[in-house]
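K.L.:
What follows is a single structure, and I will ask about it in a moment.
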Amino acid sequence: MDIEEEIESILYIAREVSVYKIPPLKANEGHRANDWGDLAQPLWKGRLRIIEKSTGAALQFEDSQTGDLFARAEYDPSHPSVDAVLDSSRYFVVRVEDAGRKAYIGMGFVERSDSFDFNVALQDYTKRFKARLNPEPEVDEASPYLPAGPKKDYSLKEG
């Protein structure tokens, strides 16, 4: 076989996320979910998957039923494409790039626990990414948790 298959790992799956059209960012302020209008009326609803390959990780917004791709955002920990909003822990702003064009979309989770798991998945990937860039040298030293010096004899003496 000449075709080289790349291993794909799914880091996170959210069964339901909402996508919103967001207004432009005001100077020196962060994004606020309350500025996005009626949060009960999203632009799109579907599934989110974070997929890692050897080339990097990406956020994929897909239709829950058909699996059709709605949007894809590459995730680079050195230039993160995901920002948390200032007024909620369930909403984020995602930078989507396609053929040199950039768009910012709002993303929201139904449950706070889903947004927590999403954050943890991105943090774990970032930690692994940085460890790959700066591998720690192997050191043959004794553990700092073990006492140094000869072992002490605590056995009871006869007599």
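How things are named: the first chain in the structure tokens is A, the next is B, and so on; residues count from 1 in each chain; ligands count from 1 in the order shown.
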Sorted by chain and rising residue number, list the residues of segment 24-59 of chain A at most 9 Å from segment 80-103 of chain A (counting only C-alpha atoms), each with its closest atom pair and distance in Å to one decimal, as a Markdown table.
P.N.:
```
| residue | atom | partner | partner_atom | distance |
| --- | --- | --- | --- | --- |
| A:Gly30 | CA | A:Leu86 | CA | 6.3 |
| A:His31 | CA | A:Val85 | CA | 5.1 |
| A:Arg32 | CA | A:Val85 | CA | 5.2 |
| A:Ala33 | CA | A:Val85 | CA | 6.4 |
| A:Asn34 | CA | A:Asp87 | CA | 7.5 |
```
K.L.:
Please save N, CA, C and O atoms of the selected residues as an mmCIF file, in the first residue's frame.
P.N.:
```cif
data_model
loop_
_atom_site.group_PDB
_atom_site.id
_atom_site.type_symbol
_atom_site.label_atom_id
_atom_site.label_comp_id
_atom_site.auth_asym_id
_atom_site.auth_seq_id
_atom_site.Cartn_x
_atom_site.Cartn_y
_atom_site.Cartn_z
ATOM 1 N N GLY A 30 -13.463 42.936 25.312
ATOM 2 C CA GLY A 30 -13.643 41.565 24.866
ATOM 3 C C GLY A 30 -15.059 41.350 24.366
ATOM 4 O O GLY A 30 -15.904 42.241 24.430
ATOM 5 N N HIS A 31 -15.310 40.183 23.859
ATOM 6 C CA HIS A 31 -16.645 39.840 23.384
ATOM 7 C C HIS A 31 -17.566 39.543 24.564
ATOM 8 O O HIS A 31 -17.135 39.032 25.591
ATOM 9 N N ARG A 32 -18.834 39.867 24.401
ATOM 10 C CA ARG A 32 -19.865 39.576 25.400
ATOM 11 C C ARG A 32 -21.012 38.854 24.709
ATOM 12 O O ARG A 32 -21.512 39.309 23.686
ATOM 13 N N ALA A 33 -21.437 37.737 25.291
ATOM 14 C CA ALA A 33 -22.528 36.956 24.709
ATOM 15 C C ALA A 33 -23.838 37.751 24.706
ATOM 16 O O ALA A 33 -24.664 37.575 23.818
ATOM 17 N N ASN A 34 -24.022 38.631 25.656
ATOM 18 C CA ASN A 34 -25.246 39.430 25.706
ATOM 19 C C ASN A 34 -25.384 40.374 24.509
ATOM 20 O O ASN A 34 -26.487 40.816 24.195
#
```
K.L.:
Residues of chain A classed as strand (DSSP E or B) by DSSP on the backbone are to be reported as number ranges by chain.
P.N.:
A: 9-21, 44-53, 56-62, 69-76, 79, 82-84, 91-98, 101-109
K.L.:
Determine the nearest neighbour of Arg47 of chain A from the options A:Leu156, A:Ala71, A:Val17, A:Leu133, counting only C-alpha atoms.
P.N.:
A:Val17
K.L.:
Which residues in segment 17-141 of chain A does DSSP call helix (DSSP H, G or I)? List them as a list in words.
P.N.:
Ala33, Asn34, Asp35, Trp36, Arg112, Ser113, Asp114, Ser115, Phe116, Asp117, Phe118, Asn119, Val120, Ala121, Leu122, Gln123, Asp124, Tyr125, Thr126, Lys127, Arg128, Phe129, Lys130, Ala131, Arg132 and Leu133 of chain A
K.L.:
From the options A:Trp36, A:Tyr154, A:Gly56, A:Gly149, which residue's atoms come nearest to Pro24 of chain A, counting only C-alpha atoms?
P.N.:
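Using only C-alpha atoms, the shortest distance to Pro24 of chain A belongs to A:Trp36.
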K.L.:
Ranking A:Lys127, A:Lys53, A:Lys26, A:Arg15 by minimum distance to Ser78 of chain A and counting only C-alpha atoms, which one comes first?
P.N.:
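With only C-alpha atoms as the atom set, the closest residue is A:Lys127.
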K.L.:
Could you tell me which of A:Ile50, A:Ala58, A:Val110, A:Ala14 comes closest to Arg72 of chain A if we count only C-alpha atoms?
P.N.:
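Among the listed residues, the smallest separation from Arg72 of chain A belongs to A:Ala58.
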K.L.:
Of the residues A:Ala131, A:Val19, A:Ile13, A:Leu48, which is the one nearest to Pro77 of chain A, using only C-alpha atoms?
P.N.:
A:Ala131
K.L.:
With distances taken over only C-alpha atoms, which of A:Gln60, A:Thr126, A:Ala27, A:Ile22 is nearest to His79 of chain A?
P.N.:
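Nearest candidate to His79 of chain A out of A:Gln60, A:Thr126, A:Ala27, A:Ile22: A:Thr126.
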K.L.:
Would you work out the distance separating atom CA of Glu52 of chain A from atom CA of Tyr75 of chain A, expressed in Å to one decimal?
P.N.:
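Computed distance, atom CA of Glu52 of chain A to atom CA of Tyr75 of chain A, equals 9.4 Å.
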K.L.:
So the first atom is atom CA of Ala121 of chain A and the second is atom CA of Ile51 of chain A; what is the distance between them in Å, to one decimal place?
P.N.:
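Computing the Euclidean distance for atom CA of Ala121 of chain A and atom CA of Ile51 of chain A yields 10.4 Å.
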